[in-house]
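Taking it in order: structure first as structure tokens, then the write-up.
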Amino acid sequence: MFECAAVSENRQCAGGGGGTVVPVMLDHDRCYNALASRDARFDGHFIAAVRSTRIYCRPSCPAMKPKRANVEFLPTAAAAQLRGYRACRRCMPDAVPGSPAWNTRADLAARAMRLIGDGLVERAGVTGLAAALGYSERHLTRVLTAELGAGPLALARAHRAHTARLLVETTPLGMADVAFAAGFTSVRQFNDTVLEVYGVPPTTLRSEAGRRRGSGPAVAGTLVLRLPFRAPLDADGLLAHFAARALPGVERVAGGTYARTLRLPHGAATVELAPTAAHVRATLRLVDPRDLGPAVARLRRLLDLDADPVAVDEVLGADPALADRVTAVPGIRVPGSVDGLETAVRAVLGQQVSLAAGITATARLAAALGTRLPPELAAGGPDLLFPAAAEIAAHGAGLIAGPTRRTATVVGLAAAVADGSLVLDAGRDAAGLRAALLALPGIGPWTAGYVAMRVVGEPDELLATDLAVRRGAGSLDLPSDVDGLTARAERWKPWRSYAATHLWRAATTPRRTS
């Protein structure tokens, strides 16, 4: 795995306290070599800022290679903007996969970045972000500045600028509407920020985007985006995963496209995701344009688009028992979640029953308590919004078939989410989320680990007690008992969630014979 950054994590004790923070150190020579090679695998790992032009770029930018003495390397776009650099309009450095660190690390900086990407600062301010993370604003600012070169306000400002650019380029919204939808407090602040970050006013960004499309303005009500990823991407595996688990009305896979409904902070939405060789095409329909940023962040987590597949495949492929699997399925992803409650409810209802039975039980609950979306939002696709926590807590008991204990677990889970005592979002650390789930009656280690894997993107969750994981291990001549598999999996750290995904796949894929 390429690492130009010698990053020391903000190490926290098991109780969640902050440890000593060591600033990010970037190895200039290694970063410069990556920039010189224009290798897209390094996009998102760091920013290259050129002193002579005052422009910052992604590592793969096709522009002329700068002199070594004229370039500095920074961890984030926000850090570059704070130093007075503007974004390159040729390579669009904000339109790259995010750093894999935000998904794989469980420290304060990574959790904050996930929540900033989800738009929490725009909704609740830095005070709300700090409260969600359980730290003071002062401590949060100190950690983020040391780790990422910018504090929460600057990081959120960079996120707003990116969202504004997407809205300017992909919608026909008026500039005032774009400004407030992106989270700016005034049109003047929006204009000044866009000019500072991109070097041109918003109207120029729109006209340039129109020339690239060659077909006039974007269609009202529909946003078509390109979600980049690091190649390779096992798109077929993702689509097969969603197809096998699709909830009627909520989601559907057809013709190489995954479509589903979304519950977002300001309203409902629908999306169609179609993987291509270079990006995932996302067609979004939003009730409220303020939800664009959170929607993009959640979709990227759903598809695990910020993963570093080279790093994962190198570690797993080093085990002879997995080498053939890694060669056959490069770039495997761990499917995530766009709705923590939905994922947790599905996990509970899928315990100790077949996949089909779990889907049937969850679909019955969704059909009874979910919300039907208007035709213009559904656009002929899924039109059922998964029910909210309060609805399941109040009315779910009479709709869930099976053991009384399972019903009580689902209702109790929903009640905890509804009253705020259980938070199921990307800002949780995996250990804390597991502990919170295990404290609820009826939830065991498998369910807690599975939810951590899906909701917060825990990359190192093996689920060794899972019968399908063990069956897949046996099919690859790996130990299939829990203790033996757990011991063997030590060599797969920190990517045991990806190994589990390979084993799940192996459990349902006949072995090739020569």
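Residue numbering restarts at 1 in every chain; chains get A, B, ... in the order shown in the structure tokens, and ligands count up from 1 in that same order.
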Give me the residues near stretch 162-171 of chain A as a ChimeraX atom specification, where near means some atom within 8 Å (using only C-alpha atoms) and where sequence neighbours in that chain fewer than 4 positions away do not count. /A:94,158,175,178-179,181-182,194,202-203,205-206,209-210,217-225,292-293
Please write the residues from the selection above to a file, keeping N, CA and C atoms, as a PDB file, in the first residue's frame.
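Saved to selection_15.pdb:
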ATOM      1  N   ASP A  94     -11.240  18.210  -5.882  1.00  0.00           N
ATOM      2  CA  ASP A  94     -12.287  17.835  -4.925  1.00  0.00           C
ATOM      3  C   ASP A  94     -13.137  16.679  -5.443  1.00  0.00           C
ATOM      4  N   ALA A 158     -14.597  23.732   3.014  1.00  0.00           N
ATOM      5  CA  ALA A 158     -14.176  23.009   1.814  1.00  0.00           C
ATOM      6  C   ALA A 158     -15.284  22.073   1.340  1.00  0.00           C
ATOM      7  N   MET A 175     -28.560  30.923  -8.299  1.00  0.00           N
ATOM      8  CA  MET A 175     -27.367  30.972  -7.473  1.00  0.00           C
ATOM      9  C   MET A 175     -27.690  31.208  -6.002  1.00  0.00           C
ATOM     10  N   VAL A 178     -28.661  27.869  -4.658  1.00  0.00           N
ATOM     11  CA  VAL A 178     -27.467  27.033  -4.513  1.00  0.00           C
ATOM     12  C   VAL A 178     -26.708  27.413  -3.251  1.00  0.00           C
ATOM     13  N   ALA A 179     -26.570  28.698  -3.023  1.00  0.00           N
ATOM     14  CA  ALA A 179     -25.807  29.169  -1.865  1.00  0.00           C
ATOM     15  C   ALA A 179     -26.369  28.614  -0.566  1.00  0.00           C
ATOM     16  N   ALA A 181     -28.578  26.136  -0.192  1.00  0.00           N
ATOM     17  CA  ALA A 181     -28.622  24.669  -0.210  1.00  0.00           C
ATOM     18  C   ALA A 181     -27.267  24.072   0.155  1.00  0.00           C
ATOM     19  N   ALA A 182     -26.181  24.737  -0.239  1.00  0.00           N
ATOM     20  CA  ALA A 182     -24.842  24.237   0.058  1.00  0.00           C
ATOM     21  C   ALA A 182     -24.418  24.523   1.491  1.00  0.00           C
ATOM     22  N   VAL A 194     -16.522  30.525  -3.610  1.00  0.00           N
ATOM     23  CA  VAL A 194     -16.334  29.876  -4.913  1.00  0.00           C
ATOM     24  C   VAL A 194     -15.207  30.563  -5.684  1.00  0.00           C
ATOM     25  N   PRO A 202     -19.276  31.675  -9.678  1.00  0.00           N
ATOM     26  CA  PRO A 202     -20.162  30.519  -9.918  1.00  0.00           C
ATOM     27  C   PRO A 202     -20.736  30.475 -11.328  1.00  0.00           C
ATOM     28  N   THR A 203     -21.044  31.634 -11.905  1.00  0.00           N
ATOM     29  CA  THR A 203     -21.629  31.636 -13.253  1.00  0.00           C
ATOM     30  C   THR A 203     -20.668  31.039 -14.280  1.00  0.00           C
ATOM     31  N   LEU A 205     -18.397  28.678 -13.610  1.00  0.00           N
ATOM     32  CA  LEU A 205     -18.437  27.227 -13.401  1.00  0.00           C
ATOM     33  C   LEU A 205     -19.620  26.618 -14.130  1.00  0.00           C
ATOM     34  N   ARG A 206     -20.768  27.287 -14.067  1.00  0.00           N
ATOM     35  CA  ARG A 206     -21.962  26.738 -14.730  1.00  0.00           C
ATOM     36  C   ARG A 206     -21.802  26.735 -16.234  1.00  0.00           C
ATOM     37  N   ALA A 209     -19.473  23.976 -17.272  1.00  0.00           N
ATOM     38  CA  ALA A 209     -20.122  22.666 -17.164  1.00  0.00           C
ATOM     39  C   ALA A 209     -21.075  22.447 -18.326  1.00  0.00           C
ATOM     40  N   GLY A 210     -21.804  23.503 -18.744  1.00  0.00           N
ATOM     41  CA  GLY A 210     -22.705  23.381 -19.876  1.00  0.00           C
ATOM     42  C   GLY A 210     -21.977  23.050 -21.162  1.00  0.00           C
ATOM     43  N   PRO A 217     -28.608  23.264 -19.994  1.00  0.00           N
ATOM     44  CA  PRO A 217     -28.650  23.158 -18.537  1.00  0.00           C
ATOM     45  C   PRO A 217     -29.109  21.796 -18.068  1.00  0.00           C
ATOM     46  N   ALA A 218     -28.834  21.509 -16.812  1.00  0.00           N
ATOM     47  CA  ALA A 218     -29.272  20.254 -16.217  1.00  0.00           C
ATOM     48  C   ALA A 218     -30.785  20.223 -16.094  1.00  0.00           C
ATOM     49  N   VAL A 219     -31.350  19.021 -15.985  1.00  0.00           N
ATOM     50  CA  VAL A 219     -32.791  18.846 -15.882  1.00  0.00           C
ATOM     51  C   VAL A 219     -33.234  19.141 -14.463  1.00  0.00           C
ATOM     52  N   ALA A 220     -34.281  19.932 -14.299  1.00  0.00           N
ATOM     53  CA  ALA A 220     -34.783  20.283 -12.978  1.00  0.00           C
ATOM     54  C   ALA A 220     -35.219  19.031 -12.230  1.00  0.00           C
ATOM     55  N   GLY A 221     -34.847  18.970 -10.955  1.00  0.00           N
ATOM     56  CA  GLY A 221     -35.281  17.863 -10.103  1.00  0.00           C
ATOM     57  C   GLY A 221     -34.400  16.642 -10.172  1.00  0.00           C
ATOM     58  N   THR A 222     -33.482  16.574 -11.110  1.00  0.00           N
ATOM     59  CA  THR A 222     -32.627  15.400 -11.271  1.00  0.00           C
ATOM     60  C   THR A 222     -31.171  15.829 -11.320  1.00  0.00           C
ATOM     61  N   LEU A 223     -30.342  15.175 -10.517  1.00  0.00           N
ATOM     62  CA  LEU A 223     -28.912  15.443 -10.514  1.00  0.00           C
ATOM     63  C   LEU A 223     -28.195  14.188 -10.974  1.00  0.00           C
ATOM     64  N   VAL A 224     -27.340  14.316 -11.958  1.00  0.00           N
ATOM     65  CA  VAL A 224     -26.558  13.195 -12.449  1.00  0.00           C
ATOM     66  C   VAL A 224     -25.100  13.456 -12.094  1.00  0.00           C
ATOM     67  N   LEU A 225     -24.541  12.600 -11.253  1.00  0.00           N
ATOM     68  CA  LEU A 225     -23.187  12.788 -10.744  1.00  0.00           C
ATOM     69  C   LEU A 225     -22.313  11.605 -11.107  1.00  0.00           C
ATOM     70  N   LEU A 292     -27.820  17.144  -0.823  1.00  0.00           N
ATOM     71  CA  LEU A 292     -26.883  16.602  -1.812  1.00  0.00           C
ATOM     72  C   LEU A 292     -25.611  16.085  -1.150  1.00  0.00           C
ATOM     73  N   GLY A 293     -24.993  16.896  -0.297  1.00  0.00           N
ATOM     74  CA  GLY A 293     -23.755  16.484   0.354  1.00  0.00           C
ATOM     75  C   GLY A 293     -23.909  15.207   1.168  1.00  0.00           C
TER      76      GLY A 293
END
Using DSSP secondary structure from the backbone, list all strand (DSSP E or B) positions within stretch 138-321 of chain A, as JSON, numbers by chain. {"A": [223, 224, 225, 226, 227, 228, 251, 252, 253, 254, 257, 258, 259, 260, 261, 262, 263, 264, 267, 268, 269, 270, 271, 272, 273, 274, 275, 279, 280, 281, 282, 283, 284, 285, 286]}
Kindly export the residues of the current selection with C-alpha atoms, as a short mmCIF file (atom, residue, chain, number, x, y, z; two decimals), in the first residue's frame.
data_model
loop_
_atom_site.label_atom_id
_atom_site.label_comp_id
_atom_site.auth_asym_id
_atom_site.auth_seq_id
_atom_site.Cartn_x
_atom_site.Cartn_y
_atom_site.Cartn_z
CA LEU A 223 -28.91 15.44 -10.51
CA VAL A 224 -26.56 13.19 -12.45
CA LEU A 225 -23.19 12.79 -10.74
CA ARG A 226 -20.04 10.76 -11.26
CA LEU A 227 -18.78 9.06 -8.12
CA PRO A 228 -15.06 8.25 -8.58
CA GLU A 251 -34.66 -1.14 -3.55
CA ARG A 252 -34.22 -2.92 -6.85
CA VAL A 253 -31.42 -4.21 -9.08
CA ALA A 254 -32.11 -4.38 -12.82
CA THR A 257 -28.30 -0.58 -11.98
CA TYR A 258 -29.08 -0.49 -8.26
CA ALA A 259 -31.96 1.82 -7.33
CA ARG A 260 -33.32 2.63 -3.90
CA THR A 261 -35.06 5.19 -1.72
CA LEU A 262 -33.19 7.31 0.81
CA ARG A 263 -34.13 8.99 4.08
CA LEU A 264 -31.95 12.10 4.34
CA GLY A 267 -36.38 14.84 3.28
CA ALA A 268 -36.68 11.79 1.07
CA ALA A 269 -34.76 11.00 -2.11
CA THR A 270 -34.27 8.27 -4.67
CA VAL A 271 -31.11 7.21 -6.45
CA GLU A 272 -30.03 4.99 -9.32
CA LEU A 273 -26.43 3.76 -9.22
CA ALA A 274 -24.87 2.40 -12.40
CA PRO A 275 -21.19 1.34 -12.21
CA HIS A 279 -16.91 5.85 -12.07
CA VAL A 280 -20.35 5.10 -10.68
CA ARG A 281 -23.08 7.13 -12.36
CA ALA A 282 -25.53 8.37 -9.73
CA THR A 283 -28.92 9.77 -10.74
CA LEU A 284 -30.36 11.52 -7.69
CA ARG A 285 -33.79 12.99 -7.11
CA LEU A 286 -33.96 15.06 -3.93
#
Please give the complete set of residues from stretch 430-497 of chain A that DSSP, run on the backbone, assigns to alpha helix (DSSP H), formatted as a ChimeraX atom specification. /A:430-438,445-455,467-475,482-488,496-497
Atom CA of A:Gly331 and atom CA of A:Thr276, how far apart in Å?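 The value is 14.1 Å.
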With only C-alpha atoms as the counted atoms, please give the residues lying no more than 7 Å from stretch 393-398 of chain A, apart from itself and same-chain residues fewer than 4 positions off, as a list of chain:residue names. A:Ala389, A:Thr407, A:Val411, A:Gly412, A:Ala414, A:Ala415
Could those residues be written to a file, using N, CA and C atoms, as an mmCIF file, in the first residue's frame?
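And here is the file that came out, part-v3.cif:
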data_model
loop_
_atom_site.group_PDB
_atom_site.id
_atom_site.type_symbol
_atom_site.label_atom_id
_atom_site.label_comp_id
_atom_site.auth_asym_id
_atom_site.auth_seq_id
_atom_site.Cartn_x
_atom_site.Cartn_y
_atom_site.Cartn_z
ATOM 1 N N ALA A 389 -37.646 5.269 13.010
ATOM 2 C CA ALA A 389 -37.515 4.550 14.276
ATOM 3 C C ALA A 389 -38.763 4.691 15.136
ATOM 4 N N THR A 407 -39.106 -9.910 18.335
ATOM 5 C CA THR A 407 -39.960 -8.737 18.200
ATOM 6 C C THR A 407 -39.571 -7.672 19.220
ATOM 7 N N VAL A 411 -38.217 -3.814 18.450
ATOM 8 C CA VAL A 411 -38.934 -2.662 19.008
ATOM 9 C C VAL A 411 -38.028 -1.891 19.972
ATOM 10 N N GLY A 412 -37.276 -2.612 20.801
ATOM 11 C CA GLY A 412 -36.367 -1.945 21.728
ATOM 12 C C GLY A 412 -35.256 -1.200 21.017
ATOM 13 N N ALA A 414 -35.438 0.089 17.952
ATOM 14 C CA ALA A 414 -36.034 1.275 17.340
ATOM 15 C C ALA A 414 -36.320 2.348 18.383
ATOM 16 N N ALA A 415 -36.787 1.939 19.554
ATOM 17 C CA ALA A 415 -37.074 2.900 20.617
ATOM 18 C C ALA A 415 -35.799 3.610 21.067
#
Atom CA of A:Ile400 to atom CA of A:Leu365, distance in Å rounded to a single decimal: 6.8 Å
Using only C-alpha atoms, which residue out of A:Ala468, A:Ala487, A:Val417, A:Ala231 lies closest to A:Ala436? A:Val417
Go through A:Ala507, A:Val345, A:Cys61, A:Cys88 one by one, measure the shortest atom-to-atom distance of each to A:Arg325 using only C-alpha atoms, and give the residue with the smallest value. A:Ala507
Extract, using only C-alpha atoms, all DNA, RNA and protein residues at most 12 Å from stretch 491-493 of chain A, discarding same-chain residues fewer than 4 positions from it, and format them as an mmCIF file with C-alpha atoms, in the first residue's frame.
data_model
loop_
_atom_site.group_PDB
_atom_site.id
_atom_site.type_symbol
_atom_site.label_atom_id
_atom_site.label_comp_id
_atom_site.auth_asym_id
_atom_site.auth_seq_id
_atom_site.Cartn_x
_atom_site.Cartn_y
_atom_site.Cartn_z
ATOM 1 C CA THR A 104 -10.577 2.634 8.198
ATOM 2 C CA ALA A 311 -3.707 -2.320 -0.083
ATOM 3 C CA VAL A 312 -6.474 -4.818 0.684
ATOM 4 C CA ASP A 313 -5.554 -7.213 -2.105
ATOM 5 C CA GLU A 314 -1.854 -7.137 -1.237
ATOM 6 C CA VAL A 315 -2.501 -8.275 2.331
ATOM 7 C CA LEU A 316 -5.163 -10.890 1.559
ATOM 8 C CA GLY A 317 -3.407 -12.173 -1.561
ATOM 9 C CA ALA A 318 -0.307 -12.944 0.497
ATOM 10 C CA ASP A 319 -2.198 -15.856 2.085
ATOM 11 C CA PRO A 320 -1.942 -18.810 -0.346
ATOM 12 C CA ALA A 321 -5.451 -19.954 0.573
ATOM 13 C CA LEU A 322 -6.929 -16.597 -0.512
ATOM 14 C CA ALA A 323 -4.576 -15.789 -3.379
ATOM 15 C CA GLU A 458 -15.327 -1.330 10.226
ATOM 16 C CA PRO A 459 -12.664 -2.898 7.959
ATOM 17 C CA ASP A 460 -11.462 -5.558 10.397
ATOM 18 C CA GLU A 461 -14.572 -7.526 11.441
ATOM 19 C CA LEU A 462 -14.212 -11.231 10.603
ATOM 20 C CA LEU A 485 -10.298 -19.463 11.633
ATOM 21 C CA THR A 486 -9.768 -16.627 14.116
ATOM 22 C CA ALA A 487 -6.125 -17.605 14.557
ATOM 23 C CA SER A 497 -14.030 -7.569 6.802
ATOM 24 C CA TYR A 498 -12.838 -7.892 3.201
ATOM 25 C CA ALA A 499 -11.647 -11.429 3.902
ATOM 26 C CA ALA A 500 -15.085 -12.250 5.323
ATOM 27 C CA HIS A 502 -14.424 -13.230 0.085
#
I want to know what sits within 10 Å of stretch 62-77 of chain A, based on only C-alpha atoms, with residues of the same chain fewer than 6 positions away left out; could you give that as a PyMOL selection string? chain A and resi 4-5+7+24-29+31-33+35-38+44-56+83+85-88+90-91+93-94+98-99+147-150+154-155+158-159+197
Dump as a PDB file, in the first residue's frame, selection limited to C-alpha atoms:
ATOM      1  CA  CYS A   4       3.291   9.129   1.466  1.00  0.00           C
ATOM      2  CA  ALA A   5       1.992  10.265   4.830  1.00  0.00           C
ATOM      3  CA  VAL A   7       0.399   9.688   9.966  1.00  0.00           C
ATOM      4  CA  VAL A  24       0.789  14.775  10.113  1.00  0.00           C
ATOM      5  CA  MET A  25       4.172  14.408   8.451  1.00  0.00           C
ATOM      6  CA  LEU A  26       4.286  14.037   4.676  1.00  0.00           C
ATOM      7  CA  ASP A  27       7.310  12.450   3.045  1.00  0.00           C
ATOM      8  CA  HIS A  28       8.098  14.993   0.320  1.00  0.00           C
ATOM      9  CA  ASP A  29      10.188  12.679  -1.848  1.00  0.00           C
ATOM     10  CA  CYS A  31       4.774  12.219  -2.566  1.00  0.00           C
ATOM     11  CA  TYR A  32       6.702  13.915  -5.363  1.00  0.00           C
ATOM     12  CA  ASN A  33       7.461  10.570  -6.998  1.00  0.00           C
ATOM     13  CA  LEU A  35       2.913  13.107  -8.415  1.00  0.00           C
ATOM     14  CA  ALA A  36       5.505  12.610 -11.156  1.00  0.00           C
ATOM     15  CA  SER A  37       3.977   9.238 -12.069  1.00  0.00           C
ATOM     16  CA  ARG A  38       0.446  10.739 -12.301  1.00  0.00           C
ATOM     17  CA  GLY A  44      -7.307  11.420  -2.242  1.00  0.00           C
ATOM     18  CA  HIS A  45      -4.251  10.413  -0.234  1.00  0.00           C
ATOM     19  CA  PHE A  46      -2.783  13.918  -0.394  1.00  0.00           C
ATOM     20  CA  ILE A  47      -2.984  17.281  -2.148  1.00  0.00           C
ATOM     21  CA  ALA A  48      -0.173  18.747  -4.268  1.00  0.00           C
ATOM     22  CA  ALA A  49       0.015  22.543  -3.926  1.00  0.00           C
ATOM     23  CA  VAL A  50       2.204  24.466  -6.379  1.00  0.00           C
ATOM     24  CA  ARG A  51       3.715  27.627  -4.924  1.00  0.00           C
ATOM     25  CA  SER A  52       4.445  29.333  -8.250  1.00  0.00           C
ATOM     26  CA  THR A  53       0.863  29.099  -9.560  1.00  0.00           C
ATOM     27  CA  ARG A  54      -0.938  29.032  -6.163  1.00  0.00           C
ATOM     28  CA  ILE A  55      -2.993  26.079  -7.448  1.00  0.00           C
ATOM     29  CA  TYR A  56      -3.549  22.726  -5.746  1.00  0.00           C
ATOM     30  CA  ARG A  83      -2.724  28.494   2.740  1.00  0.00           C
ATOM     31  CA  TYR A  85      -4.225  27.938  -2.897  1.00  0.00           C
ATOM     32  CA  ARG A  86      -7.145  27.538  -5.292  1.00  0.00           C
ATOM     33  CA  ALA A  87      -8.397  24.332  -6.859  1.00  0.00           C
ATOM     34  CA  CYS A  88      -7.201  23.265 -10.288  1.00  0.00           C
ATOM     35  CA  ARG A  90      -8.445  20.933 -15.004  1.00  0.00           C
ATOM     36  CA  CYS A  91      -8.194  17.991 -12.589  1.00  0.00           C
ATOM     37  CA  PRO A  93      -9.064  17.834  -6.934  1.00  0.00           C
ATOM     38  CA  ASP A  94     -12.287  17.835  -4.925  1.00  0.00           C
ATOM     39  CA  GLY A  98     -11.873  10.308  -0.280  1.00  0.00           C
ATOM     40  CA  SER A  99      -8.934   9.252   1.807  1.00  0.00           C
ATOM     41  CA  GLU A 147      -3.987  15.812  11.966  1.00  0.00           C
ATOM     42  CA  LEU A 148      -5.442  17.429   8.846  1.00  0.00           C
ATOM     43  CA  GLY A 149      -3.939  20.879   8.631  1.00  0.00           C
ATOM     44  CA  ALA A 150      -7.296  22.608   9.151  1.00  0.00           C
ATOM     45  CA  ALA A 154     -12.217  25.172   7.353  1.00  0.00           C
ATOM     46  CA  LEU A 155     -12.948  21.512   6.641  1.00  0.00           C
ATOM     47  CA  ALA A 158     -14.176  23.009   1.814  1.00  0.00           C
ATOM     48  CA  HIS A 159     -17.084  20.554   1.923  1.00  0.00           C
ATOM     49  CA  VAL A 197     -11.493  28.144  -4.116  1.00  0.00           C
TER      50      VAL A 197
END
From A:Thr343, A:Gln81, A:Gln189, A:Thr204, residue lying nearest A:Gly151 [only C-alpha atoms]: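 Checking each candidate against A:Gly151, we get A:Gln81 as the closest.
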Output as a tab-separated table one row per residue of stretch 286-385 of chain A within 12 Å of stretch 123-144 of chain A: the closest atom pair and its distance in Å to one decimal place, counting only C-alpha atoms, sorted by chain and residue number ascending.
residue	atom	partner	partner_atom	distance
A:Arg290	CA	A:Arg123	CA	9.6
A:Asp291	CA	A:Arg123	CA	10.4
A:Gly293	CA	A:Arg123	CA	11.5
A:Pro294	CA	A:Arg123	CA	10.7
Convert the current residue selection to file output with N, CA and C atoms, as a CSV table (one decimal), in the first residue's frame.
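Below is the file selection_28.csv, written as the result:
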chain,number,residue,atom,x,y,z
A,290,ARG,N,-30.5,20.7,-0.1
A,290,ARG,CA,-29.5,20.7,1.0
A,290,ARG,C,-29.0,19.3,1.3
A,291,ASP,N,-29.7,18.3,0.8
A,291,ASP,CA,-29.3,16.9,1.1
A,291,ASP,C,-28.3,16.3,0.1
A,293,GLY,N,-25.0,16.9,-0.3
A,293,GLY,CA,-23.8,16.5,0.4
A,293,GLY,C,-23.9,15.2,1.2
A,294,PRO,N,-24.9,15.2,2.1
A,294,PRO,CA,-25.1,13.9,2.8
A,294,PRO,C,-25.4,12.7,1.9
